[in-house]
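Trainee: My questions will all concern the structure given below.
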Amino acid sequence: MNRRGFLGRLMSSAALGISAILSRKVPGWAAIAHEPAKSYGMGVDVDKCIGCGRCMAACKTENNVRPEPYFFRTWVERYVIKKDGDVIVHTISGSSEQPIEEARERDVLRSFFVPKLCNHCAHPPCVQVCPVGATFQTADGGVVIVDEERCIGCRYCIQACPYGARYLNPETKTADKCTFCYQRITRGLLPACVEVCPTQARIFGDLKSGASPLTRFTRMGKIHVLKGHLNTEPKVLYTNLDGEVR
Amino acid sequence: MNQELIERLAEISKQVTGFIYPNDLDVHWSIMIVLYPYLTGLVAGAFILASLVKVFNVKEVQPAYKLALLTALAFLLIAPLPLQLHLGHPERAYEIFLTPNPTSAMAMFGFVYLWYLMVVLLLEIWFAYRKDLILLAQRERPPMRWVHRALALFSNDVSEKAVEFDRKAVRAITIIGIPSAFLLHGYVGFIFGSIKANPWWSSVLMPIVFLFSAIVSGIALVLLLYMIITPLRGKQIDMGCLDKMASFLFYAVIVDFSLEALDFIHRLYESEESIKILSDLVLNKLMISLLVMQILLGMILPFAVMVLIKLLNLNEELRKLLYFVSAILIQVGIFSTRWNVVIGGQMFSKSFRGLTTYKMELVGIEGLLTAMVVLALPVIVLVVLIKVLPPWGDIEEKAAEGGAG
């Protein structure tokens with residue numbers, strides 16, 4: 001092979017390599033090679049939540065989350081919107097440390113509870129920023145989880161999450177978050193919060209399945225997601241969500 | 001340890017105003033992460049000052065050229081330390097080099113840092129010092145003789161041709177070095193600027209603002225060091241050099257100030273969803289550190305002083321004094337800038353409805369004392385570097401004297 005031929009081959013193989021990397025790393029450059037068969041998600045009907053807090057308690061028990069009210073994989077927010085436009089929000093945490101500002105009943109315009117958890121985004125900013133790939137989407141349903149053996153504890157993912165869904169586990173010194181109770185769903189069980197909800201405000205399932213309570217939920221309701229403008233494509237879907245909720 | 005953390009969080013939770021997401025209570029990136037962009041900024045700024053001499057032939061700054069290079073090296077060597085101290089698992093830090101996530105700005109750190117250290121700084125310093133090292137080794141006794149011979153990598157060619165090659169190499173490396181210095185600090189800005197979840201950080205201007213504030217702080221630091229060390233050596237401060245450095249500092253401050261003002265006006269004018277919480281943040285939490293320390297003391301006051309120096313025909317002593325004070329104020333200002341970005345960006349919740357607070361520990365791995373040690377370390381490294389690699393450019397004269405004597 002002469003020099004020109006060699007250089008030509010070198011260039012074309014480099015170009016091939018670069019395009020291969022780009023197609024793997026840049027969404028939209030190529031179809032994702034291994035489109036997972038499932039896509040786990042959750043439906044939350046805001047109108048059904050009564051703010052009992054059993055989901056939080058069940059989550060903490062199931063997943064060994066510390067009991068103090070500074071570490072949550074899921075929590076419930078209580079909104080009180082007053083006639084003068086003021087909005088009072090607090091977390092139902094079972095803790096009496098924070099004094100709760102109460103509105104007089106005649107001043108209240110509307111009031112409701114909103115369950116929150118990790119949105120298991122289809123485009124998760126936390127996964128994008130992790131320097132070592134310790135947090136990732138599972139291949140079998142796109143659940144965003146953290147490998148605590150790999151996490152270096154830099155907390156960049158906590159900064160990148162728009163929903164405040166992550167915290168630093170003080171025991172492991174690694175990032176921690178909702179896993180949709182991965183240990184349960186892979187055995188065909190429901191996440192603990194869904195299991196215990198007395199009003200079925202939370203519905204768990206595969207967003208790609210043909211017929212399931214979750215697909216029915218998406219068919220019957222007007223669906224909204226949190227902070228949709230950030231293009232994270234959350235897979236926790238809300239119905240009857242108020243515009244005041246962020 | 002955990003009990004302490006829980007007590008601290010309980011204490012902070014009493015000071016929360018409004019509604020925050022429950023996991024947003026703690027300020028996760030502490031004083032250590034404030035130090036990191038501050039230190040790398042000084043590196044980039046000092047290097048860019050040194051580059052002025054070689055690329056743009058600013059001869060006046062020649063007396064501070066090697067000092068600027070050594071300053072950049074000393075601060076670069078310590079810059080990763082606060083990051084390391086901050087990690088939950090520092091023993092796994094090497095994973096960033098071995099299995100980097102290509103979509104993570106932070107993962108690129110290892111490569112930008114190594115590129116800058118190995119290819120730019122160390123190479124430039126080696127070529128800039130090669131002749132000096134050989135001359136030093138010739139007139140010294142062991143063990144320093146061995147040290148300098150080893151540092152020169154046992155080269156001993158001081159012919160005109162070899163020295164000319166050194167000069168060309170330095171120039172070439174500087175030309176690569178300027179974009180590299182931009183990259184080093186621009187990328188630090190990108191780490192913050194690319195976080196769309198955080199409206200205080202998410203700005204396309206962030207890397208550029210970081211860059212110019214880096215240039216400001218780096219020039220001010222070299223100016224300070226030059227003014228402190230020269231009298232200590234019993235030498236006269238070269239006023240031409242000082243005036244020129246101050247002049248560059250002045251222009252860098254103008255650009256930096258304009259960029260920050262642009263960012264501020266843009267945010268205020270667009271007045272997006274986050275504007276209410278951000279104004280609460282500035283008025284309640286950052287009043288002192290942003291309005292007083294960063295803008296008033298750290299920018300407007302030194303800027304006014306430098307305008308006065310330009311307008312009035314002041315004598316040398318007064319100029320020296322005013323330069324010195326301005327440079328110190330600028331350091332305070334840029335440190336506050338880093339503080340306001342890093343800590344300020346975490347004091348409001350992503351619910352945009354409430355503020356938390358930052359309680360710095362006094363002792364402890366991310367406490368005030370550690371921070372002061374981290375800040376002092378580069379100075380100690382610099383002292384050692386100056387001892388080993390004298391940056392004063394009088395080695396040839398001394399060698400000639402030694403030869404004659």
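Chain identifiers are assigned as A, B, and so on, following the order in which chains appear in the structure tokens; residues are numbered from 1 within each chain, and ligands are numbered from 1 in order of appearance.
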Could you list, as a VMD selection string, the residues of chain B having an atom within 7 Å of chain A when counting only C-alpha atoms?
Mentor: chain B and resid 2 14 19 21 to 25 28 87 to 90 92 to 93 95 to 96 99 to 101 103 to 107 195 197 350 to 351
Trainee: Using only N, CA and C atoms, please write the residues we just selected to a file, as a short mmCIF file (atom, residue, chain, number, x, y, z; two decimals), in the first residue's frame.
Mentor:
```
data_model
loop_
_atom_site.label_atom_id
_atom_site.label_comp_id
_atom_site.auth_asym_id
_atom_site.auth_seq_id
_atom_site.Cartn_x
_atom_site.Cartn_y
_atom_site.Cartn_z
N ASN B 2 -22.74 10.69 61.79
CA ASN B 2 -24.09 10.87 61.29
C ASN B 2 -24.95 11.65 62.27
N LYS B 14 -34.52 24.76 60.95
CA LYS B 14 -35.22 25.83 61.68
C LYS B 14 -35.08 27.18 60.96
N PHE B 19 -41.05 27.27 51.22
CA PHE B 19 -41.11 25.82 51.05
C PHE B 19 -39.92 25.33 50.23
N TYR B 21 -37.97 21.70 48.74
CA TYR B 21 -38.06 20.25 48.62
C TYR B 21 -37.30 19.66 49.81
N PRO B 22 -37.85 18.60 50.42
CA PRO B 22 -37.21 18.13 51.66
C PRO B 22 -35.75 17.71 51.50
N ASN B 23 -35.35 17.22 50.31
CA ASN B 23 -33.95 16.83 50.12
C ASN B 23 -33.04 18.03 49.82
N ASP B 24 -33.63 19.21 49.66
CA ASP B 24 -32.84 20.39 49.30
C ASP B 24 -32.28 21.13 50.51
N LEU B 25 -32.44 20.55 51.69
CA LEU B 25 -32.06 21.25 52.92
C LEU B 25 -30.56 21.54 52.98
N HIS B 28 -24.92 20.94 49.40
CA HIS B 28 -24.06 19.79 49.18
C HIS B 28 -22.65 20.16 48.75
N LEU B 87 -15.09 14.68 48.14
CA LEU B 87 -15.77 13.46 47.67
C LEU B 87 -16.22 12.58 48.84
N GLY B 88 -17.37 11.94 48.64
CA GLY B 88 -17.82 10.97 49.63
C GLY B 88 -16.91 9.76 49.65
N HIS B 89 -16.36 9.42 48.49
CA HIS B 89 -15.44 8.28 48.38
C HIS B 89 -14.19 8.71 47.63
N PRO B 90 -13.29 9.42 48.33
CA PRO B 90 -12.07 9.90 47.64
C PRO B 90 -11.23 8.75 47.09
N ARG B 92 -12.15 6.41 45.42
CA ARG B 92 -12.59 5.99 44.09
C ARG B 92 -12.36 7.06 43.04
N ALA B 93 -11.69 8.15 43.40
CA ALA B 93 -11.56 9.28 42.48
C ALA B 93 -10.91 8.88 41.16
N GLU B 95 -11.47 6.60 39.34
CA GLU B 95 -12.46 6.11 38.37
C GLU B 95 -12.76 7.16 37.29
N ILE B 96 -12.61 8.43 37.67
CA ILE B 96 -12.87 9.49 36.68
C ILE B 96 -11.91 9.36 35.50
N THR B 99 -12.72 5.16 33.97
CA THR B 99 -14.01 4.92 33.31
C THR B 99 -14.82 6.20 33.27
N PRO B 100 -14.34 7.20 32.54
CA PRO B 100 -15.08 8.45 32.49
C PRO B 100 -16.39 8.30 31.71
N ASN B 101 -17.41 9.02 32.17
CA ASN B 101 -18.66 9.05 31.42
C ASN B 101 -18.54 10.18 30.39
N THR B 103 -20.48 11.82 28.62
CA THR B 103 -21.45 12.93 28.59
C THR B 103 -21.29 13.85 29.79
N SER B 104 -20.36 13.55 30.69
CA SER B 104 -20.23 14.34 31.91
C SER B 104 -19.13 15.38 31.78
N ALA B 105 -19.49 16.64 32.02
CA ALA B 105 -18.48 17.71 31.98
C ALA B 105 -17.42 17.45 33.04
N MET B 106 -17.86 16.94 34.18
CA MET B 106 -16.92 16.72 35.27
C MET B 106 -15.90 15.64 34.93
N ALA B 107 -16.34 14.64 34.17
CA ALA B 107 -15.43 13.55 33.81
C ALA B 107 -14.31 14.04 32.92
N ILE B 195 -26.05 23.26 34.03
CA ILE B 195 -27.06 22.63 34.89
C ILE B 195 -28.40 23.33 34.70
N ALA B 197 -31.23 22.57 35.65
CA ALA B 197 -32.12 22.53 36.81
C ALA B 197 -31.97 23.76 37.68
N LYS B 350 -35.10 24.03 44.50
CA LYS B 350 -35.58 23.93 43.12
C LYS B 350 -37.10 23.96 43.06
N SER B 351 -37.75 24.05 44.22
CA SER B 351 -39.19 24.32 44.24
C SER B 351 -39.44 25.80 43.90
#
```
Trainee: Among the residues of region 147-334 of chain B, find those DSSP assigns to helix (DSSP H, G or I) from the backbone and print them as a PyMOL selection string.
Mentor: chain B and resi 147-151+160-193+206-232+239-270+275-285+287-311+316-334
Trainee: Env of region 250-253 of chain B: 7 Å cut, atoms = only C-alpha atoms, seq-sep filter 2 positions within chain, self excluded. Answer as a short mmCIF file (atom, residue, chain, number, x, y, z; two decimals) with N, CA and C atoms, in the first residue's frame.
Mentor:
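Written output follows (part.cif):
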```
data_model
loop_
_atom_site.label_atom_id
_atom_site.label_comp_id
_atom_site.auth_asym_id
_atom_site.auth_seq_id
_atom_site.Cartn_x
_atom_site.Cartn_y
_atom_site.Cartn_z
N PHE B 212 -13.15 35.46 32.38
CA PHE B 212 -12.64 36.82 32.58
C PHE B 212 -12.39 37.13 34.05
N ILE B 215 -9.05 35.71 34.66
CA ILE B 215 -7.96 36.56 34.19
C ILE B 215 -7.73 37.69 35.19
N VAL B 216 -8.83 38.29 35.65
CA VAL B 216 -8.73 39.37 36.63
C VAL B 216 -7.99 38.90 37.88
N ALA B 246 -0.92 46.36 35.81
CA ALA B 246 -2.11 47.04 36.33
C ALA B 246 -3.01 47.47 35.19
N SER B 247 -2.38 47.84 34.08
CA SER B 247 -3.14 48.27 32.93
C SER B 247 -3.96 47.11 32.36
N PHE B 248 -3.31 45.95 32.23
CA PHE B 248 -4.06 44.77 31.77
C PHE B 248 -5.15 44.40 32.75
N VAL B 255 -13.94 44.26 31.14
CA VAL B 255 -14.66 43.20 30.41
C VAL B 255 -15.47 42.36 31.39
N ASP B 256 -14.83 41.98 32.50
CA ASP B 256 -15.50 41.14 33.49
C ASP B 256 -16.75 41.83 34.03
N PHE B 257 -16.61 43.09 34.36
CA PHE B 257 -17.72 43.85 34.92
C PHE B 257 -18.85 43.97 33.90
N MET B 306 -8.43 52.51 40.07
CA MET B 306 -7.58 52.39 38.88
C MET B 306 -7.87 53.49 37.87
#
```
Trainee: Just how far from CA of Glu60 (chain B) is CA of Phe324 (chain B), in Å to one decimal?
Mentor: 18.4 Å
Trainee: Please produce, as JSON lines, a per-residue contact table for region 50-77 of chain A versus region 200-207 of chain A (criterion: any atom at most 12 Å away, only C-alpha atoms considered), showing the nearest atom pair and its distance in Å to one decimal, sorted by chain then residue number.
Mentor:
```
{"residue": "A:Ile50", "atom": "CA", "partner": "A:Ala201", "partner_atom": "CA", "distance": 8.6}
{"residue": "A:Gly51", "atom": "CA", "partner": "A:Ala201", "partner_atom": "CA", "distance": 10.2}
{"residue": "A:Cys52", "atom": "CA", "partner": "A:Ala201", "partner_atom": "CA", "distance": 11.3}
{"residue": "A:Gly53", "atom": "CA", "partner": "A:Ala201", "partner_atom": "CA", "distance": 11.9}
{"residue": "A:Arg54", "atom": "CA", "partner": "A:Ala201", "partner_atom": "CA", "distance": 11.7}
{"residue": "A:Cys55", "atom": "CA", "partner": "A:Arg202", "partner_atom": "CA", "distance": 9.4}
{"residue": "A:Thr74", "atom": "CA", "partner": "A:Arg202", "partner_atom": "CA", "distance": 11.8}
{"residue": "A:Val76", "atom": "CA", "partner": "A:Ala201", "partner_atom": "CA", "distance": 11.7}
```
Trainee: So that I have them on file, write out the residues from the current selection with C-alpha atoms, as a PDB file, in the first residue's frame.
Mentor:
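To be explicit, this is the file written out as out.pdb:
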```pdb
ATOM      1  CA  ILE A  50     -55.551  12.228  50.868  1.00  0.00           C
ATOM      2  CA  GLY A  51     -52.137  13.068  52.317  1.00  0.00           C
ATOM      3  CA  CYS A  52     -52.044  10.156  54.736  1.00  0.00           C
ATOM      4  CA  GLY A  53     -48.293   9.725  54.270  1.00  0.00           C
ATOM      5  CA  ARG A  54     -48.378   5.928  54.236  1.00  0.00           C
ATOM      6  CA  CYS A  55     -46.406   5.879  50.977  1.00  0.00           C
ATOM      7  CA  THR A  74     -40.832   9.899  48.019  1.00  0.00           C
ATOM      8  CA  VAL A  76     -46.126  14.334  49.800  1.00  0.00           C
TER       9      VAL A  76
END
```
Trainee: Could you give me, as a count of residues only, the residues within 12 Å of Trp115 (chain B), counting only C-alpha atoms and dropping anything in the same chain fewer than 6 positions from it?
Mentor: 14
Trainee: Mind giving me the straight-line distance from CA of Met206 (chain B) to CA of Phe190 (chain B) in Å, one decimal?
Mentor: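 CA of Phe190 (chain B) lies at a distance of 6.6 Å from CA of Met206 (chain B).
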Trainee: Tell me which protein, DNA and RNA residues are within 12 Å of Arg8 (chain B), counting only C-alpha atoms, leaving out same-chain ones fewer than 2 positions away, and put them as a ChimeraX atom specification.
Mentor: /A:70 /B:1-6,10-15,25-27,357-361
Trainee: Restricting it to C-alpha atoms, dump the selection as a short mmCIF file (atom, residue, chain, number, x, y, z; two decimals), in the first residue's frame.
Mentor:
```cif
data_model
loop_
_atom_site.label_atom_id
_atom_site.label_comp_id
_atom_site.auth_asym_id
_atom_site.auth_seq_id
_atom_site.Cartn_x
_atom_site.Cartn_y
_atom_site.Cartn_z
CA TYR A 70 -34.18 15.20 55.60
CA MET B 1 -20.54 11.50 62.44
CA ASN B 2 -24.09 10.87 61.29
CA GLN B 3 -25.47 12.13 64.58
CA GLU B 4 -23.57 15.36 63.98
CA LEU B 5 -25.00 15.62 60.48
CA ILE B 6 -28.54 15.06 61.70
CA ALA B 10 -32.11 19.93 62.32
CA GLU B 11 -30.47 23.26 63.09
CA ILE B 12 -30.63 24.35 59.43
CA SER B 13 -34.25 23.23 59.08
CA LYS B 14 -35.22 25.83 61.68
CA GLN B 15 -33.82 28.58 59.46
CA LEU B 25 -32.06 21.25 52.92
CA ASP B 26 -28.33 20.63 52.83
CA VAL B 27 -25.86 22.70 50.81
CA THR B 357 -28.91 28.32 54.60
CA TYR B 358 -25.26 27.29 54.67
CA LYS B 359 -23.55 26.62 57.95
CA MET B 360 -19.84 26.25 57.46
CA GLU B 361 -18.13 23.94 59.90
#
```
Trainee: Do a neighbour search on Ala261 (chain B) at 12 Å with only C-alpha atoms, toss out local chain neighbours closer than 5 positions, and write the hits as a PyMOL selection string.
Mentor: chain B and resi 205+209+253-256+266-269+295+299-300
Trainee: Nearest to Val170 (chain B): which of B:Ala128, B:Ala327, B:Val222, B:Val43 is it, counting only C-alpha atoms?
Mentor: B:Ala128
Trainee: Between B:Pro143, B:Gly218, B:Pro82, B:Pro391, which has the minimum distance to Val373 (chain B) (counting only C-alpha atoms)?
Mentor: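 Smallest separation from Val373 (chain B) among the options: B:Pro82.
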Trainee: For Cys181 (chain A), please output as number ranges by chain all residues within 9 Å (counting only C-alpha atoms; exclusion window: fewer than 3 positions along the same chain).
Mentor: A: 59, 62-63, 178, 184-186, 189-193
Trainee: Can you measure CA of Leu42 (chain B) to CA of Val147 (chain B) for me? One decimal in Å is fine.
Mentor: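 CA of Val147 (chain B) lies 28.0 Å from CA of Leu42 (chain B).
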Trainee: Please report, as a PyMOL selection string, each residue of region 2-244 of chain A to which DSSP assigns strand (DSSP E) when run on this structure's backbone.
Mentor: chain A and resi 40-45+74-82+87-92+108-117+135-137+144-146+167-169+174-176+202-206+223-224+236-239
